[in-house]
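Encoded as structure tokens, the structure appears first; notes follow it.
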Amino acid sequence: SRCRNTLAQQGGGGTLDYGVATHAEASGQCTAYGARLCTKGEIQAGETTSTGCNQDIMKVWTSSPCDSRPNMHWVLNGNGDDATATCAADSDDSHHIRCCADA
């Protein structure tokens with residue numbers, strides 16, 4: 001991804017322009033680049049750790065719904081720290097974006 005307002009490109013390319021986004025915006029950005037939002041499990045497994053933009057310590061959206069609560073998804077720090085996992089309303093625009101793709 002690219003960090004907002006920089007030209008510093010991290011591994012994998014892409015041009016994400018959002019600093020933070022709603023769940024729909026985050027999902028749309030990933031889809032635009034042929035990817036998807038990462039699952040909570042992928043982030044917990046460290047798949048987004050050290051991938052740039054200091055998001056190891058920032059909350060990122062996941063594609064994992066919060067239990068059976070409608071219109072809510074898990075967010076957690078990009079380094080997968082499970083202690084930071086919380087449920088957020090999809091309309092919340094204060095979370096960052098990390099995308100995953102299947103090989």
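Please note that chains go A, B, ... in the order of the structure tokens, that every chain numbers its residues from 1, and that ligands are numbered from 1 in the order shown.
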Neighbour list for Val60 in chain A as a ChimeraX atom specification, cut-off 7 Å, only C-alpha atoms, skip fewer than 6 positions in-chain: /A:75-78,95-98
Selection near range 30-41 of chain A, 8 Å with only C-alpha atoms, sequence-local residues under 3 positions removed, as a ChimeraX atom specification: /A:14,26-27,44-45,61-64,74-76,97-102
Interatomic distance (Å, one decimal) between CA of Ala24 in chain A and CA of Asp93 in chain A: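 These atoms are spaced 9.6 Å apart.
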Pairwise distance for CA of Pro70 in chain A and CA of Ser91 in chain A, rounded to one decimal in Å: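 If I compute the distance from CA of Pro70 in chain A to CA of Ser91 in chain A, I get 11.7 Å.
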From A:Ala83, A:Ala88, A:Val20, A:Met72, residue lying nearest Gln55 in chain A [only C-alpha atoms]: A:Val20
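Compared by their closest atoms to Asp92 in chain A, and using only C-alpha atoms, the residues A:Asp56, A:Gly46, A:Asn71, A:Cys66 rank with A:Asn71 nearest.
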Selected residue of minimal separation from Asp67 in chain A among A:Thr86, A:Thr49, A:Gln29, A:Thr22, counting only C-alpha atoms: A:Thr86
Proximity to Glu42 in chain A - best of A:Glu25, A:Lys59, A:His73, A:Gly80, only C-alpha atoms: A:Gly80
Point-to-point distance in Å for CA of His23 in chain A and CA of Asp90 in chain A: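 The value is 4.8 Å.
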Per-residue DSSP, range 9-100 of chain A, filtered to helix (DSSP H, G or I), as a VMD selection string: chain A and resid 23 to 32 40 to 44 55 to 57 82 to 84
